[in-house]
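**Q** Next comes start.pdb, PDB, C-alpha atoms:
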ATOM      1  CA  MET L   1       0.000   0.000   0.000
ATOM      2  CA  GLU L   2       1.392   3.369  -1.034
ATOM      3  CA  GLU L   3       1.634   6.354   1.254
ATOM      4  CA  LYS L   4      -1.275   8.172  -0.363
ATOM      5  CA  GLU L   5      -3.504   5.139  -0.013
ATOM      6  CA  VAL L   6      -2.785   5.009   3.714
ATOM      7  CA  LEU L   7      -4.347   8.425   4.138
ATOM      8  CA  ASP L   8      -7.253   7.428   1.906
ATOM      9  CA  SER L   9      -7.894   4.295   3.928
ATOM     10  CA  LEU L  10      -7.855   6.292   7.150
ATOM     11  CA  ARG L  11     -10.331   8.768   5.691
ATOM     12  CA  ALA L  12     -12.537   5.921   4.491
ATOM     13  CA  ALA L  13     -12.500   4.073   7.814
ATOM     14  CA  CYS L  14     -13.003   7.101  10.066
ATOM     15  CA  PRO L  15     -14.568   9.754   7.854
ATOM     16  CA  ASP L  16     -15.267  12.338  10.544
ATOM     17  CA  ALA L  17     -11.960  11.895  12.378
ATOM     18  CA  VAL L  18      -9.543  13.527   9.942
ATOM     19  CA  LEU L  19      -9.346  17.307  10.163
ATOM     20  CA  GLU L  20      -6.373  17.852   7.887
ATOM     21  CA  SER L  21      -3.888  15.714   5.998
ATOM     22  CA  GLY L  22      -0.972  15.975   3.640
ATOM     23  CA  PHE L  23       2.754  15.363   3.312
ATOM     24  CA  SER L  24       5.505  16.964   5.298
ATOM     25  CA  LEU L  25       9.189  16.113   5.709
ATOM     26  CA  GLY L  26       8.838  13.126   3.407
ATOM     27  CA  ASP L  27       6.049  11.358   5.249
ATOM     28  CA  PRO L  28       2.258  11.504   5.203
ATOM     29  CA  PHE L  29       0.564  13.075   8.181
ATOM     30  CA  ALA L  30      -2.983  13.505   9.395
ATOM     31  CA  VAL L  31      -4.439  15.747  12.067
ATOM     32  CA  ILE L  32      -7.338  14.015  13.747
ATOM     33  CA  ARG L  33      -9.853  14.875  16.422
ATOM     34  CA  PRO L  34      -8.470  13.683  19.787
ATOM     35  CA  GLN L  35     -11.699  11.808  20.608
ATOM     36  CA  ALA L  36     -11.225   9.687  17.478
ATOM     37  CA  LEU L  37      -7.701   8.535  18.331
ATOM     38  CA  PRO L  38      -8.435   4.993  19.622
ATOM     39  CA  ALA L  39     -10.667   4.158  16.682
ATOM     40  CA  ALA L  40      -8.277   5.653  14.142
ATOM     41  CA  ALA L  41      -5.265   3.889  15.666
ATOM     42  CA  ALA L  42      -7.075   0.559  15.740
ATOM     43  CA  CYS L  43      -8.075   0.779  12.094
ATOM     44  CA  LEU L  44      -4.557   1.838  11.093
ATOM     45  CA  ARG L  45      -3.085  -1.143  12.905
ATOM     46  CA  ASP L  46      -5.597  -3.816  11.909
ATOM     47  CA  GLY L  47      -6.960  -2.344   8.661
ATOM     48  CA  PRO L  48      -5.426  -2.408   5.194
ATOM     49  CA  ALA L  49      -2.654   0.053   6.153
ATOM     50  CA  ARG L  50      -1.032  -2.581   8.457
ATOM     51  CA  LEU L  51       0.775   0.018  10.558
ATOM     52  CA  ALA L  52       1.825  -2.550  13.128
ATOM     53  CA  MET L  53       4.462  -0.582  14.985
ATOM     54  CA  LEU L  54       4.193   2.468  17.224
ATOM     55  CA  LEU L  55       7.618   4.036  16.736
ATOM     56  CA  ASP L  56       7.300   7.047  18.974
ATOM     57  CA  LEU L  57       4.830   9.234  20.748
ATOM     58  CA  THR L  58       5.603  12.752  21.809
ATOM     59  CA  CYS L  59       4.134  16.175  22.409
ATOM     60  CA  VAL L  60       4.688  19.789  21.383
ATOM     61  CA  ASP L  61       3.789  22.772  23.544
ATOM     62  CA  ARG L  62       2.547  25.860  21.685
ATOM     63  CA  PRO L  63       1.620  28.259  24.492
ATOM     64  CA  ASP L  64       0.196  30.958  22.211
ATOM     65  CA  GLU L  65      -2.428  28.759  20.608
ATOM     66  CA  PRO L  66      -5.781  27.851  22.176
ATOM     67  CA  GLU L  67      -5.210  24.177  21.409
ATOM     68  CA  ARG L  68      -1.903  24.300  23.150
ATOM     69  CA  PHE L  69      -0.647  20.736  23.246
ATOM     70  CA  GLU L  70      -0.112  18.749  20.067
ATOM     71  CA  MET L  71       0.287  14.998  20.496
ATOM     72  CA  ILE L  72       2.317  13.357  17.735
ATOM     73  CA  TYR L  73       2.281   9.628  17.009
ATOM     74  CA  HIS L  74       4.678   7.952  14.595
ATOM     75  CA  PHE L  75       3.576   4.674  13.030
ATOM     76  CA  LEU L  76       5.454   2.255  10.775
ATOM     77  CA  SER L  77       4.252  -0.613   8.642
ATOM     78  CA  LEU L  78       6.705  -3.495   8.778
ATOM     79  CA  GLU L  79       5.228  -4.984   5.596
ATOM     80  CA  THR L  80       5.275  -1.976   3.287
ATOM     81  CA  ASN L  81       7.799   0.248   5.088
ATOM     82  CA  VAL L  82       5.316   3.133   5.043
ATOM     83  CA  ARG L  83       5.376   5.670   7.847
ATOM     84  CA  LEU L  84       2.526   7.851   9.045
ATOM     85  CA  ARG L  85       2.386  10.723  11.510
ATOM     86  CA  ILE L  86      -0.835  11.285  13.429
ATOM     87  CA  LYS L  87      -1.369  14.532  15.277
ATOM     88  CA  ALA L  88      -4.063  15.487  17.749
ATOM     89  CA  ARG L  89      -4.415  18.915  19.328
ATOM     90  CA  LEU L  90      -5.442  19.222  22.972
ATOM     91  CA  PRO L  91      -6.722  22.219  24.918
ATOM     92  CA  ALA L  92      -4.529  24.125  27.384
ATOM     93  CA  ALA L  93      -6.780  23.430  30.366
ATOM     94  CA  ASP L  94      -6.570  19.798  31.485
ATOM     95  CA  PRO L  95      -5.121  18.215  28.335
ATOM     96  CA  ALA L  96      -6.240  14.585  28.140
ATOM     97  CA  ILE L  97      -6.351  11.917  25.463
ATOM     98  CA  ALA L  98      -7.120   8.204  25.380
ATOM     99  CA  SER L  99      -4.249   5.855  26.098
ATOM    100  CA  LEU L 100      -2.965   3.492  23.405
ATOM    101  CA  THR L 101      -1.690   0.907  25.878
ATOM    102  CA  GLY L 102      -4.474  -1.489  24.855
ATOM    103  CA  LEU L 103      -3.162  -1.559  21.294
ATOM    104  CA  TRP L 104       0.596  -1.208  21.811
ATOM    105  CA  LYS L 105       2.294  -2.190  25.044
ATOM    106  CA  ASN L 106       5.232   0.146  24.433
ATOM    107  CA  ALA L 107       2.817   3.071  24.615
ATOM    108  CA  ALA L 108       2.802   2.644  28.397
ATOM    109  CA  TRP L 109       6.276   4.097  28.977
ATOM    110  CA  LEU L 110       6.068   6.587  26.109
ATOM    111  CA  GLU L 111       2.867   7.991  27.582
ATOM    112  CA  ARG L 112       4.372   8.093  31.056
ATOM    113  CA  GLU L 113       7.220  10.185  29.654
ATOM    114  CA  VAL L 114       4.818  12.670  28.056
ATOM    115  CA  PHE L 115       2.788  12.759  31.268
ATOM    116  CA  ASP L 116       5.989  13.418  33.216
ATOM    117  CA  LEU L 117       7.393  16.203  31.052
ATOM    118  CA  PHE L 118       4.242  17.822  29.586
ATOM    119  CA  GLY L 119       1.468  16.940  32.026
ATOM    120  CA  VAL L 120      -0.867  15.385  29.464
ATOM    121  CA  ARG L 121      -3.267  12.903  31.061
ATOM    122  CA  PHE L 122      -3.841   9.567  29.309
ATOM    123  CA  THR L 123      -7.230   8.148  30.178
ATOM    124  CA  GLY L 124      -7.258   4.392  30.553
ATOM    125  CA  HIS L 125      -3.518   4.149  31.254
ATOM    126  CA  PRO L 126      -2.907   1.329  33.776
ATOM    127  CA  ASP L 127      -0.035   3.010  35.672
ATOM    128  CA  LEU L 128       0.197   6.726  34.986
ATOM    129  CA  ARG L 129       3.210   7.818  37.084
ATOM    130  CA  ARG L 130       6.247   9.948  36.334
ATOM    131  CA  LEU L 131       8.814   8.014  34.311
ATOM    132  CA  LEU L 132      12.016  10.075  34.340
ATOM    133  CA  LEU L 133      11.718  12.607  37.137
ATOM    134  CA  TYR L 134      11.426  11.858  40.813
ATOM    135  CA  ASP L 135       8.496  11.886  43.202
ATOM    136  CA  GLY L 136       7.934  15.334  44.610
ATOM    137  CA  PHE L 137       8.989  17.182  41.456
ATOM    138  CA  GLU L 138       6.588  20.037  40.877
ATOM    139  CA  GLY L 139       5.437  21.008  37.403
ATOM    140  CA  HIS L 140       6.286  19.697  33.973
ATOM    141  CA  PRO L 141       9.671  20.930  32.738
ATOM    142  CA  LEU L 142       9.131  20.708  28.969
ATOM    143  CA  ARG L 143       6.164  23.042  29.131
ATOM    144  CA  LYS L 144       7.181  26.452  27.844
ATOM    145  CA  ASP L 145       5.973  28.162  31.027
ATOM    146  CA  TYR L 146       8.277  26.120  33.266
ATOM    147  CA  PRO L 147      10.873  28.664  34.511
ATOM    148  CA  LEU L 148      14.204  28.200  32.729
ATOM    149  CA  ARG L 149      16.236  28.547  35.904
ATOM    150  CA  ARG L 150      13.998  26.678  38.299
ATOM    151  CA  ARG L 151      15.848  23.894  40.103
ATOM    152  CA  GLN L 152      14.386  21.293  42.442
ATOM    153  CA  PRO L 153      17.328  19.434  43.972
ATOM    154  CA  LEU L 154      16.580  16.336  46.021
ATOM    155  CA  LEU L 155      19.515  16.901  48.357
ATOM    156  CA  PRO L 156      20.369  20.146  50.119
ATOM    157  CA  GLU L 157      23.468  21.705  48.593
ATOM    158  CA  ARG L 158      26.716  21.781  50.557
ATOM    159  CA  LYS L 159      27.719  25.135  51.929
ATOM    160  CA  ASP L 160      31.392  24.581  52.744
ATOM    161  CA  GLY L 161      32.626  24.280  49.154
ATOM    162  CA  PRO L 162      35.442  22.067  47.915
ATOM    163  CA  ARG L 163      37.609  20.299  50.451
ATOM    164  CA  THR L 164      41.035  21.876  50.871
TER     165      THR L 164
ATOM    166  CA  MET N   1      72.186  -4.136  62.912
ATOM    167  CA  SER N   2      72.481  -6.660  60.132
ATOM    168  CA  GLY N   3      69.386  -5.587  58.067
ATOM    169  CA  GLY N   4      70.090  -1.879  58.076
ATOM    170  CA  PHE N   5      67.517   0.824  58.700
ATOM    171  CA  ILE N   6      66.121   4.082  57.360
ATOM    172  CA  THR N   7      64.755   7.070  59.167
ATOM    173  CA  THR N   8      61.661   8.935  58.040
ATOM    174  CA  ARG N   9      58.757  10.877  59.361
ATOM    175  CA  PHE N  10      55.580   8.979  60.140
ATOM    176  CA  GLU N  11      53.473  11.310  57.953
ATOM    177  CA  ALA N  12      55.777  10.849  54.988
ATOM    178  CA  MET N  13      55.669   7.062  55.261
ATOM    179  CA  LEU N  14      51.895   7.008  55.673
ATOM    180  CA  GLY N  15      51.383   9.413  52.774
ATOM    181  CA  TRP N  16      53.703   7.403  50.533
ATOM    182  CA  GLY N  17      51.839   4.219  51.337
ATOM    183  CA  ARG N  18      48.434   5.718  50.749
ATOM    184  CA  ALA N  19      49.357   7.503  47.525
ATOM    185  CA  TYR N  20      50.484   4.331  45.752
ATOM    186  CA  SER N  21      47.778   1.939  46.920
ATOM    187  CA  LEU N  22      44.596   3.669  45.834
ATOM    188  CA  PHE N  23      41.679   1.281  45.501
ATOM    189  CA  HIS N  24      39.180   3.073  43.316
ATOM    190  CA  TYR N  25      35.455   2.731  42.950
ATOM    191  CA  PRO N  26      34.220   3.812  39.490
ATOM    192  CA  PHE N  27      30.818   5.547  39.634
ATOM    193  CA  ILE N  28      30.180   5.724  35.896
ATOM    194  CA  THR N  29      27.000   7.112  34.364
ATOM    195  CA  ALA N  30      27.840   8.435  30.913
ATOM    196  CA  CYS N  31      30.193   8.685  27.958
ATOM    197  CA  CYS N  32      33.246   9.662  30.049
ATOM    198  CA  GLY N  33      33.208   5.984  31.005
ATOM    199  CA  MET N  34      34.900   5.258  27.679
ATOM    200  CA  GLU N  35      37.839   7.442  28.670
ATOM    201  CA  TYR N  36      37.892   5.813  32.083
ATOM    202  CA  MET N  37      38.162   2.405  30.410
ATOM    203  CA  SER N  38      40.937   3.689  28.214
ATOM    204  CA  ALA N  39      42.792   5.085  31.216
ATOM    205  CA  ALA N  40      42.260   1.913  33.224
ATOM    206  CA  CYS N  41      43.215  -0.639  30.550
ATOM    207  CA  ALA N  42      46.579  -1.612  29.150
ATOM    208  CA  HIS N  43      47.256   1.330  26.819
ATOM    209  CA  PHE N  44      47.400   4.033  29.448
ATOM    210  CA  ASP N  45      47.343   1.697  32.408
ATOM    211  CA  ILE N  46      46.382   3.460  35.596
ATOM    212  CA  ASP N  47      48.051   0.539  37.408
ATOM    213  CA  ARG N  48      51.479   2.049  36.704
ATOM    214  CA  PHE N  49      50.577   4.655  39.307
ATOM    215  CA  GLY N  50      49.338   2.236  41.894
ATOM    216  CA  ALA N  51      45.634   2.836  41.325
ATOM    217  CA  GLY N  52      44.912  -0.280  39.314
ATOM    218  CA  LEU N  53      42.774  -2.196  41.762
ATOM    219  CA  THR N  54      39.136  -1.513  40.984
ATOM    220  CA  ARG N  55      36.759  -2.365  43.804
ATOM    221  CA  PHE N  56      33.064  -2.727  43.115
ATOM    222  CA  SER N  57      32.080  -2.097  46.690
ATOM    223  CA  PRO N  58      32.495   1.393  48.129
ATOM    224  CA  ARG N  59      33.338  -0.155  51.496
ATOM    225  CA  GLN N  60      36.583  -1.509  50.064
ATOM    226  CA  ALA N  61      37.565   1.605  48.110
ATOM    227  CA  ASP N  62      39.296   4.816  49.093
ATOM    228  CA  LEU N  63      39.132   6.731  45.813
ATOM    229  CA  LEU N  64      35.717   7.560  44.356
ATOM    230  CA  LEU N  65      35.857   8.232  40.626
ATOM    231  CA  VAL N  66      32.682  10.069  39.637
ATOM    232  CA  VAL N  67      32.499   9.728  35.865
ATOM    233  CA  GLY N  68      29.608  11.228  33.914
ATOM    234  CA  THR N  69      26.500  13.334  34.322
ATOM    235  CA  ILE N  70      24.856  13.264  37.744
ATOM    236  CA  SER N  71      21.149  14.103  37.734
ATOM    237  CA  HIS N  72      19.199  15.291  40.744
ATOM    238  CA  LYS N  73      17.457  11.927  40.813
ATOM    239  CA  LEU N  74      20.814  10.171  41.097
ATOM    240  CA  ALA N  75      22.289  12.547  43.679
ATOM    241  CA  PRO N  76      21.058  10.625  46.777
ATOM    242  CA  VAL N  77      22.637   7.446  45.382
ATOM    243  CA  LEU N  78      26.003   9.152  44.926
ATOM    244  CA  LYS N  79      25.799  10.605  48.426
ATOM    245  CA  THR N  80      25.063   7.153  49.865
ATOM    246  CA  ILE N  81      28.020   5.649  48.010
ATOM    247  CA  TYR N  82      30.274   8.381  49.362
ATOM    248  CA  ASP N  83      29.003   7.900  52.898
ATOM    249  CA  GLN N  84      29.623   4.158  52.678
ATOM    250  CA  MET N  85      33.307   4.643  51.951
ATOM    251  CA  ILE N  86      35.634   4.421  54.901
ATOM    252  CA  GLU N  87      38.078   7.182  55.830
ATOM    253  CA  PRO N  88      40.535   8.139  54.519
ATOM    254  CA  LYS N  89      38.798   8.711  51.197
ATOM    255  CA  TRP N  90      39.247  10.920  48.182
ATOM    256  CA  VAL N  91      36.984  11.972  45.339
ATOM    257  CA  MET N  92      37.890  12.666  41.732
ATOM    258  CA  ALA N  93      35.442  14.626  39.558
ATOM    259  CA  PHE N  94      36.024  13.164  36.116
ATOM    260  CA  GLY N  95      34.819  15.243  33.146
ATOM    261  CA  ALA N  96      32.969  18.500  32.615
ATOM    262  CA  CYS N  97      29.585  17.200  33.808
ATOM    263  CA  THR N  98      30.799  16.203  37.252
ATOM    264  CA  VAL N  99      32.933  19.340  37.564
ATOM    265  CA  SER N 100      30.207  21.863  36.694
ATOM    266  CA  GLY N 101      27.231  20.180  35.051
ATOM    267  CA  GLY N 102      28.937  20.628  31.673
ATOM    268  CA  ILE N 103      26.635  21.478  28.790
ATOM    269  CA  TYR N 104      23.594  20.399  30.799
ATOM    270  CA  ASP N 105      22.455  23.559  32.546
ATOM    271  CA  ASN N 106      18.855  22.460  33.031
ATOM    272  CA  TYR N 107      16.231  21.245  35.474
ATOM    273  CA  ALA N 108      17.587  17.707  35.662
ATOM    274  CA  VAL N 109      21.343  17.914  36.197
ATOM    275  CA  VAL N 110      23.401  18.702  39.304
ATOM    276  CA  GLN N 111      25.673  21.655  38.540
ATOM    277  CA  GLY N 112      28.858  20.063  39.812
ATOM    278  CA  ILE N 113      29.131  17.193  42.282
ATOM    279  CA  ASP N 114      30.851  19.422  44.854
ATOM    280  CA  ARG N 115      27.330  20.605  45.651
ATOM    281  CA  ILE N 116      26.715  17.136  47.095
ATOM    282  CA  ILE N 117      30.049  15.672  48.195
ATOM    283  CA  PRO N 118      33.531  17.136  48.735
ATOM    284  CA  VAL N 119      35.891  16.849  45.760
ATOM    285  CA  ASP N 120      39.685  16.597  45.843
ATOM    286  CA  VAL N 121      40.655  16.727  42.170
ATOM    287  CA  TYR N 122      38.724  18.200  39.249
ATOM    288  CA  ILE N 123      39.497  16.870  35.763
ATOM    289  CA  PRO N 124      37.845  19.065  33.097
ATOM    290  CA  GLY N 125      37.246  18.021  29.510
ATOM    291  CA  CYS N 126      34.372  16.627  27.508
ATOM    292  CA  PRO N 127      35.619  13.974  27.823
ATOM    293  CA  PRO N 128      39.130  14.356  29.281
ATOM    294  CA  ARG N 129      41.972  12.544  27.569
ATOM    295  CA  PRO N 130      43.489   9.625  29.513
ATOM    296  CA  GLU N 131      46.659  11.700  29.878
ATOM    297  CA  MET N 132      44.622  14.281  31.788
ATOM    298  CA  VAL N 133      43.222  11.545  34.007
ATOM    299  CA  LEU N 134      46.736  10.347  34.798
ATOM    300  CA  ASP N 135      47.809  13.933  35.408
ATOM    301  CA  GLY N 136      44.881  14.377  37.783
ATOM    302  CA  LEU N 137      45.776  11.140  39.511
ATOM    303  CA  MET N 138      49.354  12.291  40.013
ATOM    304  CA  LYS N 139      48.114  15.598  41.399
ATOM    305  CA  LEU N 140      45.921  13.671  43.826
ATOM    306  CA  GLN N 141      48.869  11.494  44.855
ATOM    307  CA  ASP N 142      50.894  14.627  45.429
ATOM    308  CA  LYS N 143      48.109  15.955  47.627
ATOM    309  CA  ILE N 144      47.905  12.685  49.574
ATOM    310  CA  ARG N 145      51.666  12.545  50.101
ATOM    311  CA  HIS N 146      51.725  16.042  51.517
ATOM    312  CA  SER N 147      48.596  15.885  53.605
ATOM    313  CA  GLU N 148      48.798  15.750  57.347
ATOM    314  CA  PRO N 149      47.326  12.729  59.117
ATOM    315  CA  ASP N 150      43.641  13.303  59.629
ATOM    316  CA  TRP N 151      43.478  12.668  63.328
ATOM    317  CA  ARG N 152      39.893  12.596  64.397
ATOM    318  CA  TRP N 153      40.297  14.738  67.496
ATOM    319  CA  LYS N 154      42.091  17.377  65.472
ATOM    320  CA  ARG N 155      39.234  17.650  63.011
ATOM    321  CA  LYS N 156      36.583  17.820  65.728
ATOM    322  CA  LYS N 157      38.283  20.748  67.440
ATOM    323  CA  SER N 158      38.320  23.006  64.375
TER     324      SER N 158
END
I'd like the structure from this file rewritten - as structure tokens, please.

**A**
Amino acid sequence: MEEKEVLDSLRAACPDAVLESGFSLGDPFAVIRPQALPAAAACLRDGPARLAMLLDLTCVDRPDEPERFEMIYHFLSLETNVRLRIKARLPAADPAIASLTGLWKNAAWLEREVFDLFGVRFTGHPDLRRLLLYDGFEGHPLRKDYPLRRRQPLLPERKDGPRT
Amino acid sequence: MSGGFITTRFEAMLGWGRAYSLFHYPFITACCGMEYMSAACAHFDIDRFGAGLTRFSPRQADLLLVVGTISHKLAPVLKTIYDQMIEPKWVMAFGACTVSGGIYDNYAVVQGIDRIIPVDVYIPGCPPRPEMVLDGLMKLQDKIRHSEPDWRWKRKKS
């Protein structure tokens, strides 16, 4: 299946899900409604596109836009070597989207990372905890409004300086 | 006397003994580890300077080699390792990240391990060449040879 047909099959399977689609940076992409993500992902994986692999899942923070957080999913078909990028835009207040852990097990840690660093909630995630940072860390450091110089050390810093 | 004898000061003998029998504990977290391996193995051979015996328990080591980026999450682990070592002990900050945080001036990384534990020798470089590691080791040995005995009562008074 060619790259263009992947987008066509997605549009055919979930007609009201796709808001925008096209090609950028050499790969097809589609912007979908966030509510339609589980259905769209399931039909991409099990439908004619055969996008069996979830390569990566990340987020972009655009603080000036009303739909501030943009989730980005990268899929790969192991049979046809076609890649597809799926984007879904989430509101600034309480960003939440359905978890893909039911379809891909590796989504569990990828989603925990995005939850840790961006504060996006994944509904239906079995174990939504911070992945990289420690318990007690306040805020989400990859959000643009996290202060550049804010530090939250776990240990108090030594006062006496280097040993002489 | 048939065997002969030498005279020396107690501090000098103790310092000489300590300087050439450093048992080191490598605390390696990042790419500087490659340079540590190079310094430790046969090409540069840290054993020529009496620091060849790597111990993988801090309780048996007296030189802590901190090699690589230390994040805030890892800081309590490093502090525990340091506390587990028995006196006398020395610490070498190996590479730019341990010296100052290096290129990582962000929310995650400790800006120099001397904010957590005392450091005796700083080796800059990203990563430092093995020659610099050996140079740092010799500077540390020089420091050990010329240090006064750390009598406990003396330290408590000051």

**Q** Counting all atoms listed in the file, which residues come within 9 Å of (45.9, 9.9, 28.4), with the point read in the file's coordinates, and could you list them as a list in words?

**A** Glu35, Ser38, Ala39, His43, Phe44, Pro128, Arg129, Pro130, Glu131, Met132, Val133, Leu134 and Asp135 of chain N

**Q** May I ask you to extract the residues of chain L within 12 Å of chain N, using only C-alpha atoms, and to give them as a PyMOL selection string?

**A** chain L and resi 117+131-142+146-164

**Q** Can you turn the PyMOL selection byres ((chain L and resi 2-17) around 10) into a concrete residue list for this file, as a ChimeraX atom specification?

**A** /L:1,18-23,27-37,39-41,43-44,47-51,80-84

**Q** Select, from N:Gly50, N:Gly136, N:Pro124, N:Pro88, the residue with the minimum atom-to-atom distance to Leu14 (chain N), counting all atoms listed in the file.

**A** N:Pro88

**Q** Residues near region 51-58 of chain N, anyone? I mean within 12 Å using all atoms listed in the file, not counting same-chain ones fewer than 3 positions away, as a ChimeraX atom specification.

**A** /N:17-28,36-37,39-42,44-48,61-65,77-87,89-91,133-134,137-138,140-141

**Q** Expand the PyMOL selection byres ((chain L and resi 101) around 10) into the explicit residue set it covers here, and present it as a list in words.

**A**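 Applied to this file, the PyMOL selection byres ((chain L and resi 101) around 10) selects Ala98, Ser99, Leu100, Gly102, Leu103, Trp104, Lys105, Asn106, Ala107, Ala108, Trp109, Leu110, Glu111, Phe122, Gly124, His125 and Pro126 of chain L.
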
**Q** Edge lengths and centre in Å to one decimal, as lines of an AutoDock Vina configuration file, is what I'm after for the box along x, y and z that holds all listed atoms of region 6-22 of chain N once 6 Å is added on each side.

**A**
center_x = 55.4
center_y = 6.6
center_z = 52.9
size_x = 33.5
size_y = 21.4
size_z = 26.4

**Q** Within 9 Å of Gly95 (chain N), counting all atoms listed in the file, which residues show up once you throw out same-chain ones fewer than 6 positions away? Write them as a PDB file with C-alpha atoms, in the frame of the given file, please.

**A**
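Saved result, out_11.pdb, follows:
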ATOM      1  CA  CYS N  32      33.246   9.662  30.049  1.00  0.00           C
ATOM      2  CA  VAL N  66      32.682  10.069  39.637  1.00  0.00           C
ATOM      3  CA  VAL N  67      32.499   9.728  35.865  1.00  0.00           C
ATOM      4  CA  GLY N  68      29.608  11.228  33.914  1.00  0.00           C
ATOM      5  CA  THR N  69      26.500  13.334  34.322  1.00  0.00           C
ATOM      6  CA  GLY N 102      28.937  20.628  31.673  1.00  0.00           C
ATOM      7  CA  TYR N 122      38.724  18.200  39.249  1.00  0.00           C
ATOM      8  CA  ILE N 123      39.497  16.870  35.763  1.00  0.00           C
ATOM      9  CA  PRO N 124      37.845  19.065  33.097  1.00  0.00           C
ATOM     10  CA  GLY N 125      37.246  18.021  29.510  1.00  0.00           C
ATOM     11  CA  CYS N 126      34.372  16.627  27.508  1.00  0.00           C
ATOM     12  CA  PRO N 127      35.619  13.974  27.823  1.00  0.00           C
ATOM     13  CA  PRO N 128      39.130  14.356  29.281  1.00  0.00           C
TER      14      PRO N 128
END
